[in-house]
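**Q** If it helps, the file is called upload-v3.txt and holds compact mmCIF, C-alpha atoms:
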# COMPACT_ATOMS: atom_id res chain seq x y z
CA MET A 1 -3.59 28.60 3.45
CA GLU A 2 -6.39 26.29 4.45
CA PHE A 3 -10.01 27.03 3.65
CA TRP A 4 -12.91 25.37 5.39
CA LEU A 5 -16.10 25.49 3.35
CA LEU A 6 -17.92 22.45 4.76
CA GLY A 7 -19.70 24.43 7.47
CA PRO A 8 -19.06 28.05 8.51
CA PHE A 9 -16.48 29.68 6.24
CA GLU A 10 -13.01 29.80 7.81
CA ALA A 11 -9.55 30.67 6.50
CA TRP A 12 -6.34 29.59 8.24
CA ASP A 13 -2.66 30.23 7.67
CA GLY A 14 0.05 28.52 9.68
CA GLY A 15 -2.41 27.43 12.34
CA ARG A 16 -3.80 30.94 12.80
CA ARG A 17 -7.25 32.00 11.71
CA VAL A 18 -7.27 34.71 9.04
CA SER A 19 -9.95 37.32 8.44
CA ALA A 20 -11.06 36.88 4.83
CA GLY A 21 -13.31 39.84 4.30
CA ASN A 22 -15.32 41.80 6.86
CA ARG A 23 -18.61 41.40 5.02
CA ARG A 24 -20.60 38.22 4.59
CA GLN A 25 -20.81 38.70 0.83
CA GLU A 26 -17.04 39.07 0.55
CA ARG A 27 -16.49 35.71 2.23
CA CYS A 28 -19.27 34.23 0.13
CA LEU A 29 -17.62 35.52 -3.04
CA LEU A 30 -14.33 33.91 -2.01
CA GLY A 31 -16.19 30.67 -1.31
CA VAL A 32 -17.71 30.78 -4.81
CA LEU A 33 -14.27 31.21 -6.38
CA LEU A 34 -12.74 28.43 -4.28
CA LEU A 35 -15.53 26.01 -5.18
CA ALA A 36 -14.81 26.69 -8.86
CA GLY A 37 -11.62 24.63 -8.48
CA GLY A 38 -9.35 27.13 -10.17
CA GLY A 39 -11.80 27.91 -12.95
CA VAL A 40 -12.87 31.38 -14.03
CA VAL A 41 -16.21 32.64 -12.68
CA SER A 42 -17.72 35.52 -14.63
CA ALA A 43 -18.63 38.72 -12.83
CA GLU A 44 -22.19 38.28 -14.08
CA ARG A 45 -22.50 34.83 -12.47
CA ILE A 46 -20.93 36.07 -9.23
CA ALA A 47 -23.50 38.87 -9.05
CA ASP A 48 -26.31 36.45 -9.86
CA LEU A 49 -25.20 34.12 -7.07
CA LEU A 50 -24.56 36.76 -4.42
CA TRP A 51 -27.92 38.45 -4.95
CA ASP A 52 -29.90 35.24 -5.52
CA GLY A 53 -30.84 35.91 -9.12
CA MET A 54 -31.82 39.55 -8.58
CA PRO A 55 -28.61 41.63 -8.67
CA PRO A 56 -29.00 45.40 -8.37
CA ALA A 57 -27.70 47.76 -11.02
CA SER A 58 -24.66 48.44 -8.84
CA ALA A 59 -23.78 44.72 -8.53
CA ARG A 60 -20.81 44.76 -10.91
CA GLY A 61 -19.17 47.65 -9.08
CA ALA A 62 -19.83 45.97 -5.73
CA VAL A 63 -18.19 42.75 -6.95
CA GLN A 64 -15.10 44.69 -8.02
CA THR A 65 -14.98 46.34 -4.60
CA TYR A 66 -15.29 42.98 -2.82
CA VAL A 67 -12.50 41.48 -4.92
CA GLY A 68 -10.23 44.44 -4.15
CA ARG A 69 -10.81 44.08 -0.41
CA LEU A 70 -10.15 40.33 -0.54
CA ARG A 71 -6.91 40.90 -2.42
CA ARG A 72 -5.67 43.33 0.19
CA ALA A 73 -6.73 41.08 3.07
CA LEU A 74 -5.08 37.95 1.65
CA ALA A 75 -2.07 39.29 -0.22
CA ASP A 76 0.29 38.64 2.71
CA HIS A 77 -0.94 35.02 2.92
CA GLY A 78 -0.02 34.06 -0.63
CA LEU A 79 -3.52 33.84 -2.10
CA THR A 80 -3.94 35.43 -5.53
CA ILE A 81 -7.27 36.40 -7.12
CA GLU A 82 -6.68 36.88 -10.83
CA THR A 83 -8.79 38.91 -13.24
CA ARG A 84 -9.52 36.95 -16.40
CA HIS A 85 -11.44 38.78 -19.11
CA ASP A 86 -14.87 39.38 -17.55
CA GLY A 87 -14.33 37.17 -14.51
CA TYR A 88 -12.10 36.07 -11.68
CA ARG A 89 -10.25 32.96 -10.58
CA VAL A 90 -8.33 31.91 -7.48
CA ASP A 91 -4.86 30.46 -7.91
CA GLU A 92 -5.20 27.43 -5.60
CA ALA A 93 -1.58 26.32 -5.87
CA GLY A 94 -0.17 25.66 -2.42
CA HIS A 95 -3.51 26.02 -0.68
CA ARG A 96 -5.76 23.37 0.84
CA LEU A 97 -9.55 23.02 0.79
CA ASP A 98 -11.59 20.75 3.04
CA VAL A 99 -13.79 20.10 -0.01
CA ASP A 100 -10.82 18.50 -1.77
CA ASP A 101 -9.90 16.56 1.37
CA PHE A 102 -13.44 15.21 1.53
CA ALA A 103 -13.35 14.06 -2.10
CA GLU A 104 -9.99 12.33 -1.62
CA ARG A 105 -11.05 10.59 1.58
CA CYS A 106 -14.20 9.36 -0.13
CA ARG A 107 -12.10 7.95 -2.96
CA VAL A 108 -9.80 6.10 -0.56
CA ALA A 109 -12.75 4.75 1.43
CA ALA A 110 -14.51 3.51 -1.70
CA GLU A 111 -11.39 1.63 -2.78
CA GLY A 112 -10.91 -0.07 0.60
CA THR A 113 -10.99 -3.88 0.73
CA ASP A 114 -12.24 -4.31 4.30
CA ALA A 115 -15.63 -3.13 5.59
CA VAL A 116 -14.35 -2.27 9.07
CA GLU A 117 -11.56 -0.12 7.66
CA ARG A 118 -13.95 1.48 5.16
CA VAL A 119 -16.28 2.53 7.98
CA ARG A 120 -13.35 4.25 9.69
CA LEU A 121 -12.46 6.02 6.46
CA TRP A 122 -16.07 7.08 5.80
CA ASP A 123 -16.20 8.45 9.35
CA GLU A 124 -13.07 10.50 8.68
CA ALA A 125 -14.50 11.87 5.43
CA LEU A 126 -17.91 12.74 6.89
CA GLY A 127 -16.26 14.20 9.97
CA LEU A 128 -14.95 17.05 7.81
CA TRP A 129 -18.48 18.42 7.59
CA ARG A 130 -19.06 20.92 10.40
CA GLY A 131 -22.45 22.03 9.09
CA PRO A 132 -24.07 23.05 5.79
CA LEU A 133 -21.82 24.21 2.95
CA LEU A 134 -20.74 27.83 3.63
CA GLY A 135 -23.10 27.68 6.57
CA ASP A 136 -22.69 31.26 7.79
CA VAL A 137 -22.46 33.08 4.44
CA ALA A 138 -24.73 31.28 1.95
CA SER A 139 -28.50 30.94 1.78
CA ASP A 140 -30.21 27.59 1.27
CA ARG A 141 -30.97 28.62 -2.30
CA LEU A 142 -27.32 29.45 -2.98
CA ARG A 143 -26.21 26.16 -1.46
CA GLU A 144 -28.53 24.32 -3.84
CA ARG A 145 -27.04 26.15 -6.81
CA LEU A 146 -23.41 25.84 -5.72
CA GLY A 147 -23.25 22.52 -3.95
CA ALA A 148 -25.71 20.13 -5.59
CA ALA A 149 -22.96 17.76 -6.76
CA LEU A 150 -21.18 18.02 -3.40
CA HIS A 151 -24.43 17.24 -1.59
CA ARG A 152 -24.88 14.15 -3.77
CA ARG A 153 -21.38 13.01 -2.87
CA TRP A 154 -22.15 13.54 0.82
CA LEU A 155 -25.35 11.51 0.53
CA GLY A 156 -23.40 8.79 -1.27
CA ALA A 157 -20.82 8.67 1.52
CA VAL A 158 -23.58 8.45 4.16
CA GLY A 159 -25.13 5.56 2.26
CA ARG A 160 -21.89 3.66 1.70
CA ARG A 161 -21.01 4.00 5.38
CA ALA A 162 -24.41 2.59 6.35
CA GLU A 163 -24.00 -0.31 3.91
CA ASP A 164 -20.64 -1.22 5.41
CA LEU A 165 -21.99 -0.95 8.95
CA LEU A 166 -24.82 -3.33 8.07
CA ALA A 167 -22.30 -5.74 6.56
CA ILE A 168 -20.33 -5.94 9.83
CA GLY A 169 -23.36 -6.00 12.12
CA GLY A 170 -23.04 -2.37 13.20
CA HIS A 171 -26.70 -1.47 12.73
CA GLU A 172 -26.80 0.19 16.16
CA ARG A 173 -24.56 2.95 14.80
CA ILE A 174 -26.75 3.64 11.76
CA VAL A 175 -30.07 4.86 13.13
CA SER A 176 -28.94 8.03 14.92
CA THR A 177 -27.04 9.29 11.88
CA LEU A 178 -29.50 8.23 9.18
CA GLU A 179 -32.76 9.44 10.74
CA PRO A 180 -32.10 13.20 10.33
CA VAL A 181 -30.71 12.63 6.82
CA VAL A 182 -33.81 10.73 5.74
CA GLU A 183 -36.06 13.38 7.29
CA GLN A 184 -34.41 16.01 5.08
CA ASN A 185 -34.10 13.77 2.00
CA PRO A 186 -37.20 11.52 1.85
CA GLY A 187 -36.63 10.91 -1.84
CA GLU A 188 -33.38 9.04 -1.14
CA GLU A 189 -35.06 5.64 -1.04
CA ASN A 190 -31.78 3.75 -0.72
CA LEU A 191 -31.10 5.58 2.55
CA VAL A 192 -34.65 4.91 3.71
CA ALA A 193 -34.11 1.21 3.00
CA LEU A 194 -30.87 1.17 5.00
CA LEU A 195 -32.57 2.91 7.92
CA MET A 196 -35.53 0.52 7.84
CA THR A 197 -33.19 -2.48 7.79
CA ALA A 198 -31.17 -1.13 10.71
CA LEU A 199 -34.32 -0.49 12.75
CA HIS A 200 -35.60 -3.99 12.01
CA ARG A 201 -32.31 -5.59 13.07
CA GLN A 202 -32.53 -3.71 16.37
CA GLY A 203 -35.92 -5.30 17.02
CA ARG A 204 -37.74 -2.04 16.18
CA THR A 205 -39.82 -3.51 13.39
CA ALA A 206 -42.85 -1.31 14.06
CA GLU A 207 -40.64 1.79 13.71
CA ALA A 208 -39.21 0.43 10.46
CA LEU A 209 -42.70 0.02 9.01
CA HIS A 210 -43.68 3.47 10.29
CA ARG A 211 -40.66 4.94 8.53
CA TYR A 212 -41.97 3.46 5.28
CA ASP A 213 -45.35 5.09 5.87
CA LEU A 214 -43.71 8.47 6.55
CA THR A 215 -41.64 8.17 3.39
CA ALA A 216 -44.65 7.23 1.26
CA LYS A 217 -46.56 10.22 2.61
CA ALA A 218 -43.65 12.61 1.93
CA LEU A 219 -43.18 11.30 -1.61
CA ARG A 220 -46.88 11.78 -2.39
CA ALA A 221 -46.87 15.30 -0.95
CA ASP A 222 -43.61 16.51 -2.50
CA LEU A 223 -43.36 14.62 -5.79
CA ASP A 224 -46.77 12.99 -6.27
CA VAL A 225 -45.14 9.56 -6.59
CA THR A 226 -45.20 6.32 -4.61
CA PRO A 227 -42.20 4.40 -3.23
CA GLY A 228 -40.30 2.33 -5.77
CA ASP A 229 -40.48 -1.43 -6.17
CA ALA A 230 -37.36 -2.10 -4.09
CA LEU A 231 -38.61 -0.15 -1.08
CA ARG A 232 -42.08 -1.70 -1.29
CA GLU A 233 -40.54 -5.19 -1.41
CA LEU A 234 -38.37 -4.40 1.63
CA ARG A 235 -41.49 -3.26 3.49
CA HIS A 236 -43.19 -6.58 2.74
CA ARG A 237 -40.14 -8.57 3.83
CA ILE A 238 -39.90 -6.66 7.10
CA ALA A 239 -43.63 -7.09 7.73
CA ARG A 240 -43.37 -10.85 7.35
CA ARG A 241 -40.07 -10.89 9.29
CA ASP A 242 -37.97 -12.44 6.57
CA PRO A 243 -35.06 -14.14 8.43
CA ARG A 244 -32.67 -13.14 5.64
CA LEU A 245 -32.92 -9.55 6.90
CA ASP A 246 -31.50 -10.47 10.27
CA ARG A 247 -27.99 -9.59 11.33
CA PRO A 248 -25.50 -11.08 8.86
CA PRO A 249 -23.85 -14.28 10.07
CA ALA A 250 -20.21 -14.41 11.04
CA PRO A 251 -17.76 -14.94 8.19
CA ALA A 252 -17.14 -18.57 7.28
CA TYR A 253 -14.25 -20.26 9.08
CA ALA A 254 -13.64 -17.28 11.37
CA VAL A 255 -13.05 -16.69 15.06
CA ARG A 256 -13.78 -13.50 16.98
CA VAL A 257 -10.73 -12.02 18.72
CA ARG A 258 -10.98 -8.58 20.37
CA ASP A 259 -13.93 -7.63 18.15
CA GLU A 260 -12.01 -8.66 15.03
CA TRP A 261 -12.94 -11.55 12.74
CA LEU A 262 -9.86 -13.67 12.01
CA PRO A 263 -9.56 -16.96 10.10
CA TRP A 264 -9.28 -20.31 11.83
CA ASN A 265 -5.78 -21.55 12.56
CA VAL A 266 -5.21 -24.32 10.02
CA GLY A 267 -1.55 -23.96 9.02
CA GLY A 268 0.25 -25.47 12.01
CA HIS A 269 2.74 -22.61 12.40
CA PRO A 270 2.34 -18.87 13.17
CA ALA A 271 4.13 -17.89 9.95
CA LEU A 272 1.60 -19.90 7.94
CA GLU A 273 -1.32 -18.45 9.88
CA PHE A 274 0.08 -15.03 9.02
CA CYS A 275 -0.03 -15.89 5.32
CA ASN A 276 -3.52 -17.29 5.75
CA THR A 277 -4.86 -13.99 7.06
CA TYR A 278 -5.58 -13.33 3.40
CA ALA A 279 -8.30 -15.92 2.89
CA GLY A 280 -8.22 -17.33 -0.61
CA TRP A 281 -5.13 -15.21 -1.32
CA GLY A 282 -7.10 -12.79 -3.46
CA ARG A 283 -8.52 -15.31 -5.89
CA PRO A 284 -12.02 -14.88 -7.40
CA GLY A 285 -14.73 -15.67 -4.87
CA SER A 286 -12.37 -15.39 -1.90
CA ARG A 287 -13.49 -14.18 1.50
CA GLY A 288 -11.28 -11.13 1.11
CA GLU A 289 -8.89 -9.29 3.36
CA TRP A 290 -8.79 -10.16 7.06
CA LEU A 291 -6.17 -7.68 8.17
CA GLY A 292 -8.31 -4.66 7.45
CA GLY A 293 -6.77 -2.49 10.15
CA TYR A 294 -4.03 -2.40 12.76
CA PRO A 295 -6.35 -3.77 15.49
CA ALA A 296 -6.75 -6.95 13.44
CA LEU A 297 -2.96 -7.30 13.15
CA ALA A 298 -2.55 -6.88 16.91
CA ALA A 299 -5.42 -9.30 17.64
CA TRP A 300 -3.89 -11.87 15.27
CA SER A 301 -0.54 -11.69 17.08
CA GLU A 302 -2.35 -12.52 20.33
CA GLN A 303 -4.46 -15.24 18.70
CA VAL A 304 -1.39 -17.22 17.58
CA GLY A 305 0.50 -16.63 20.83
CA LEU A 306 3.25 -14.34 19.55
CA VAL A 307 2.33 -11.34 21.72
CA ASP A 308 0.78 -11.44 25.19
CA ALA A 309 -2.63 -9.98 25.96
CA GLY A 310 -1.35 -7.10 28.08
CA THR A 311 1.01 -5.92 25.35
CA VAL A 312 -1.77 -6.13 22.75
CA SER A 313 -4.04 -3.99 24.91
CA ALA A 314 -1.28 -1.39 25.16
CA LEU A 315 -0.69 -1.53 21.39
CA LEU A 316 -4.37 -0.89 20.68
CA ARG A 317 -4.31 2.19 22.89
CA LEU A 318 -1.15 3.37 21.15
CA ALA A 319 -2.75 2.81 17.74
CA ARG A 320 -5.76 4.95 18.69
CA ARG A 321 -3.40 7.80 19.59
CA GLY A 322 -1.34 7.41 16.42
CA PRO A 323 -3.56 6.05 13.64
CA HIS A 324 -1.27 7.13 10.81
CA ALA A 325 1.76 5.40 12.31
CA ALA A 326 -0.35 2.28 12.93
CA ALA A 327 -1.52 2.28 9.30
CA GLU A 328 2.10 2.50 8.11
CA VAL A 329 3.03 -0.56 10.19
CA LEU A 330 0.01 -2.43 8.83
CA GLY A 331 1.10 -1.66 5.27
CA ARG A 332 4.57 -3.10 5.91
CA ALA A 333 3.04 -6.15 7.57
CA LYS A 334 0.97 -6.80 4.45
CA ARG A 335 4.10 -6.49 2.32
CA LEU A 336 5.92 -8.99 4.53
CA ARG A 337 2.96 -11.35 4.22
CA SER A 338 3.00 -11.20 0.41
CA LEU A 339 6.76 -11.77 0.28
CA LEU A 340 6.61 -14.68 2.74
CA TYR A 341 3.84 -16.34 0.75
CA ALA A 342 5.99 -16.03 -2.38
CA VAL A 343 8.98 -17.62 -0.63
CA LEU A 344 6.94 -20.49 0.77
CA THR A 345 5.26 -21.30 -2.53
CA ASP A 346 8.33 -20.72 -4.71
CA PRO A 347 11.60 -21.60 -2.89
CA GLY A 348 13.55 -20.28 -5.87
CA ASP A 349 12.31 -16.70 -5.44
CA GLU A 350 15.57 -15.14 -4.24
CA ARG A 351 14.26 -11.57 -4.39
CA ALA A 352 11.37 -12.37 -2.05
CA PHE A 353 13.68 -14.30 0.29
CA ALA A 354 16.09 -11.36 0.54
CA ALA A 355 13.22 -9.01 1.35
CA VAL A 356 11.86 -11.35 4.06
CA ALA A 357 15.40 -11.62 5.46
CA GLY A 358 15.47 -7.83 5.72
CA PHE A 359 12.30 -7.86 7.83
CA ALA A 360 13.77 -10.63 10.03
CA GLN A 361 17.01 -8.72 10.54
CA ALA A 362 15.07 -5.62 11.61
CA ALA A 363 13.17 -7.78 14.10
CA ALA A 364 16.44 -9.17 15.45
CA ARG A 365 17.73 -5.66 16.05
CA ALA A 366 14.55 -4.91 18.02
CA SER A 367 15.09 -7.97 20.28
CA VAL A 368 16.82 -8.28 23.64
CA LEU A 369 18.20 -11.29 25.50
CA THR A 370 16.30 -11.92 28.74
CA ARG A 371 15.84 -14.72 31.25
CA ASP A 372 12.56 -16.41 32.06
CA GLY A 373 11.36 -17.61 35.46
CA SER A 374 13.49 -20.76 35.30
CA GLY A 375 16.66 -18.79 34.63
CA LEU A 376 16.95 -19.81 30.98
CA ALA A 377 17.85 -17.13 28.48
CA ARG A 378 15.57 -16.30 25.58
CA TRP A 379 15.21 -13.67 22.92
CA ALA A 380 12.23 -11.33 23.27
CA LEU A 381 11.10 -8.20 21.50
CA SER A 382 12.10 -5.01 23.26
CA PRO A 383 9.26 -3.02 24.87
CA GLY A 384 10.54 -0.14 22.77
CA ALA A 385 9.35 -1.87 19.59
CA GLY A 386 5.99 -0.14 20.08
CA LEU A 387 3.53 -0.43 17.21
CA GLU A 388 5.99 -2.55 15.24
CA THR A 389 5.76 -5.37 17.80
CA PRO A 390 3.33 -7.61 15.84
CA LEU A 391 5.25 -6.94 12.60
CA HIS A 392 8.53 -7.99 14.23
CA ALA A 393 6.82 -11.01 15.81
CA ALA A 394 5.59 -12.13 12.39
CA ALA A 395 9.08 -11.63 10.92
CA ASN A 396 10.63 -13.71 13.72
CA ALA A 397 8.10 -16.47 13.06
CA ALA A 398 8.92 -16.34 9.35
CA ALA A 399 12.66 -16.66 10.01
CA GLU A 400 12.06 -19.56 12.39
CA LEU A 401 10.02 -21.48 9.82
CA LEU A 402 12.44 -20.80 6.96
CA ALA A 403 15.25 -22.23 9.14
CA ASP A 404 13.20 -25.34 10.04
CA PRO A 405 13.34 -28.49 7.86
CA ARG A 406 9.54 -28.61 8.15
CA ARG A 407 9.59 -25.69 5.75
CA PHE A 408 9.85 -28.32 2.97
CA THR A 409 6.50 -29.85 4.00
CA VAL A 410 4.55 -26.64 3.46
CA CYS A 411 1.66 -27.17 1.05
CA ALA A 412 -0.81 -24.81 -0.54
CA CYS A 413 -4.42 -25.99 -0.49
CA PRO A 414 -5.47 -26.88 -4.07
CA GLY A 415 -9.12 -26.14 -3.32
CA PRO A 416 -10.78 -23.69 -5.71
CA ASN A 417 -10.39 -20.07 -4.54
CA CYS A 418 -8.29 -21.14 -1.56
CA GLY A 419 -4.49 -21.37 -1.48
CA TRP A 420 -4.17 -21.46 2.33
CA LEU A 421 -0.86 -22.86 3.51
CA PHE A 422 -0.41 -25.78 5.90
CA LEU A 423 2.21 -28.28 7.06
CA ASP A 424 1.89 -31.85 5.80
CA ASP A 425 4.48 -34.24 7.22
CA THR A 426 2.66 -37.25 5.76
CA GLY A 427 2.49 -36.05 2.18
CA ARG A 428 -1.08 -37.36 1.99
CA ARG A 429 -3.15 -34.43 3.21
CA ARG A 430 -4.97 -32.78 0.34
CA PHE A 431 -6.75 -29.75 1.78
CA CYS A 432 -5.98 -27.09 4.36
CA SER A 433 -8.40 -28.35 7.02
CA ILE A 434 -10.62 -31.15 5.79
CA ALA A 435 -11.62 -28.94 2.85
CA THR A 436 -12.79 -26.05 5.05
CA CYS A 437 -11.39 -23.59 2.56
CA ALA A 438 -12.38 -19.92 2.64
CA HIS A 439 -14.45 -19.99 -0.53
If you convert what's in this file into C-alpha cells, what do you get?
**A**
Amino acid sequence: MEFWLLGPFEAWDGGRRVSAGNRRQERCLLGVLLLAGGGVVSAERIADLLWDGMPPASARGAVQTYVGRLRRALADHGLTIETRHDGYRVDEAGHRLDVDDFAERCRVAAEGTDAVERVRLWDEALGLWRGPLLGDVASDRLRERLGAALHRRWLGAVGRRAEDLLAIGGHERIVSTLEPVVEQNPGEENLVALLMTALHRQGRTAEALHRYDLTAKALRADLDVTPGDALRELRHRIARRDPRLDRPPAPAYAVRVRDEWLPWNVGGHPALEFCNTYAGWGRPGSRGEWLGGYPALAAWSEQVGLVDAGTVSALLRLARRGPHAAAEVLGRAKRLRSLLYAVLTDPGDERAFAAVAGFAQAAARASVLTRDGSGLARWALSPGAGLETPLHAAANAAAELLADPRRFTVCACPGPNCGWLFLDDTGRRRFCSIATCAH
C-alpha cells in the first residue's frame, strides 16, 4: 500500500484509493502509527494525541475500537496493526510512505554535485507536499507535536533550494515560494535573508528592506528579540547597494549553450572536450561538475558539433517526458567520460580501454550508412537512438581519437587543480589554453 501523509490523509493499493477508517480519528490514529516508523506507540500516548491532551475516561476503549475497525478495513490490503504490550505498531514492510520518499529525495538532493540538478531534486522533494501534514485529520496543535522534526526538514529543503537558485541566478523563482513561508515562520532568519537577497537582485530593494522591518517587528512581538547580526548586516549591505550582492557572475571559462553553462573548448577534439566537461577533474578547488543534467549533455553535443540543433531540441523534449531514462543515459555518459580520461592519461590501462571499446561498439550498432548531398556515403547515428544519441556521439568521437596518431600528442594541463586535456603537436605547449585553467 501507499500512504500519503504530506497533506490530506490518503491510502492507495494498486492504484486504487482505499478507505482507511470512516471516522477522522481513525485515520488520524493510523497516521500516528505510520509516522512512528514501525515503532510501538502506547495506548496512553495515542489517546493523549487524539484528544489533544485531554482524553476522556472512555479514551482507551475508543482507541481499541478504532484499531479493530482499521484492522478489518485494511486486512485485505496486507497492512497489519500489531498489539505490543500496552501499545500498537504498524508493520510497514512492503508499504510506502510519502514521508519516507521525501526524506530520501532530500538526501539525494543534498548530495548532488550540480546546483541546477539539485534545484530539480529539491523541487521533486517539495512537490510531495500537498498541504499541511495530515491536513484533513490533524489539528495544528497535533501537527506541532507529531511533525516538528518533519517541519524542520521541510524548512531546510526550502532553504537549500533557495540557496541553489541564488547560486545559478534563479532569484526570480524564489520570491513567490519564500514569501508565504517567511510570513508563517518569521523566526527563520536564514530564509528571510534569502528572500531579501532575491528581492534585491530583482531590483526590489525597497521591498527587501521592508521585509527586514516586518521581520524585526514580528520577532519583537513574538519572541521579544531583535534580528541577529547576520540579518542586520545583510540589511546594511542592501541599503548601501553592495555590488557583491548582485547576481552571481558566470562561471569562469564558461559559455552559455541552451541555458546551460559549459566550459570553453580548449582540447582541440570533441573527445577531449567531453573529458573536459569535468573542470579540474575533481581536484581540490575545481569548478566542479558541468554535466549536471541531461540537458547539459545534449547542449554539449551541439556545442562541439556532434549533434545538430534540431535533434538536440527533440532530445530535450524527450528528456522532459522521460526524466528517469534521461538520467540513466547521463550516468552512463559520465562513466564513459571517466574511462576515456583514464585511457588518454594512461595508455596502459587495458581495462579502461576495453570498457571504452564497449561503448564505441554499442554506438556502431546504433549507426546507419547514409549518403550526404554530394552522394558520398557516411556513417550517422540512427534516429532511433533517441536519448542515447549524445552518448553514442561521444563514444564515436572517443573511438575516432583513439584510432588517430594524434592520440599520442594528448597532454594533461599541469596547472594546479586543472588536468584538462588538449592536443599538443609541438610538444612545447604547457597549459590547456594559455593557463586559463578552471581553478
**Q** Which residue, A:Ala36, A:Leu5, A:Val410, A:Val368, has the smallest gap to Gly135 (chain A) when you use only C-alpha atoms?
**A**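 Ranking A:Ala36, A:Leu5, A:Val410, A:Val368 by distance to Gly135 (chain A), first place goes to A:Leu5.
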**Q** Enter the distance from CA of Glu163 (chain A) to CA of Ala239 (chain A), in Å, rounded to one decimal.
**A**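 Computing the Euclidean distance for CA of Glu163 (chain A) and CA of Ala239 (chain A) yields 21.1 Å.
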**Q** At a cut-off of 12 Å around the point (-11.7, 32.8, 7.8) (file coordinates), what residues fall inside when counting all atoms listed in the file? I'd like the answer as a PDB file with C-alpha atoms, keeping the file's coordinate frame.
**A**
ATOM      1  CA  MET A   1      -3.590  28.600   3.450  1.00  0.00           C
ATOM      2  CA  GLU A   2      -6.390  26.290   4.450  1.00  0.00           C
ATOM      3  CA  PHE A   3     -10.010  27.030   3.650  1.00  0.00           C
ATOM      4  CA  TRP A   4     -12.910  25.370   5.390  1.00  0.00           C
ATOM      5  CA  LEU A   5     -16.100  25.490   3.350  1.00  0.00           C
ATOM      6  CA  GLY A   7     -19.700  24.430   7.470  1.00  0.00           C
ATOM      7  CA  PRO A   8     -19.060  28.050   8.510  1.00  0.00           C
ATOM      8  CA  PHE A   9     -16.480  29.680   6.240  1.00  0.00           C
ATOM      9  CA  GLU A  10     -13.010  29.800   7.810  1.00  0.00           C
ATOM     10  CA  ALA A  11      -9.550  30.670   6.500  1.00  0.00           C
ATOM     11  CA  TRP A  12      -6.340  29.590   8.240  1.00  0.00           C
ATOM     12  CA  ASP A  13      -2.660  30.230   7.670  1.00  0.00           C
ATOM     13  CA  GLY A  15      -2.410  27.430  12.340  1.00  0.00           C
ATOM     14  CA  ARG A  16      -3.800  30.940  12.800  1.00  0.00           C
ATOM     15  CA  ARG A  17      -7.250  32.000  11.710  1.00  0.00           C
ATOM     16  CA  VAL A  18      -7.270  34.710   9.040  1.00  0.00           C
ATOM     17  CA  SER A  19      -9.950  37.320   8.440  1.00  0.00           C
ATOM     18  CA  ALA A  20     -11.060  36.880   4.830  1.00  0.00           C
ATOM     19  CA  GLY A  21     -13.310  39.840   4.300  1.00  0.00           C
ATOM     20  CA  ASN A  22     -15.320  41.800   6.860  1.00  0.00           C
ATOM     21  CA  ARG A  23     -18.610  41.400   5.020  1.00  0.00           C
ATOM     22  CA  ARG A  24     -20.600  38.220   4.590  1.00  0.00           C
ATOM     23  CA  GLU A  26     -17.040  39.070   0.550  1.00  0.00           C
ATOM     24  CA  ARG A  27     -16.490  35.710   2.230  1.00  0.00           C
ATOM     25  CA  CYS A  28     -19.270  34.230   0.130  1.00  0.00           C
ATOM     26  CA  LEU A  30     -14.330  33.910  -2.010  1.00  0.00           C
ATOM     27  CA  GLY A  31     -16.190  30.670  -1.310  1.00  0.00           C
ATOM     28  CA  LEU A  70     -10.150  40.330  -0.540  1.00  0.00           C
ATOM     29  CA  ALA A  73      -6.730  41.080   3.070  1.00  0.00           C
ATOM     30  CA  LEU A  74      -5.080  37.950   1.650  1.00  0.00           C
ATOM     31  CA  LEU A 134     -20.740  27.830   3.630  1.00  0.00           C
ATOM     32  CA  ASP A 136     -22.690  31.260   7.790  1.00  0.00           C
ATOM     33  CA  VAL A 137     -22.460  33.080   4.440  1.00  0.00           C
TER      34      VAL A 137
END
**Q** Mind pulling up the distance from CA of Val99 (chain A) to CA of Pro295 (chain A)?
**A**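 About the pair CA of Pro295 (chain A) and CA of Val99 (chain A): they are 29.4 Å apart.
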**Q** Tell me which protein, DNA and RNA residues are within 12 Å of Arg204 (chain A), counting only C-alpha atoms, leaving out same-chain ones fewer than 2 positions away, and put them as a ChimeraX atom specification.
**A** /A:171-172,175,195-202,206-211,238-239,241
**Q** Using all atoms listed in the file, which protein or nucleic acid residues come within 8 Å of Leu142 (chain A)? Drop anything in the same chain fewer than 2 positions from it, and give the result as a list in words.
**A**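 Contacts, with the query itself left out: Leu49, Leu50, Asp52, Ala138, Ser139, Asp140, Glu144, Arg145 and Leu146 of chain A.
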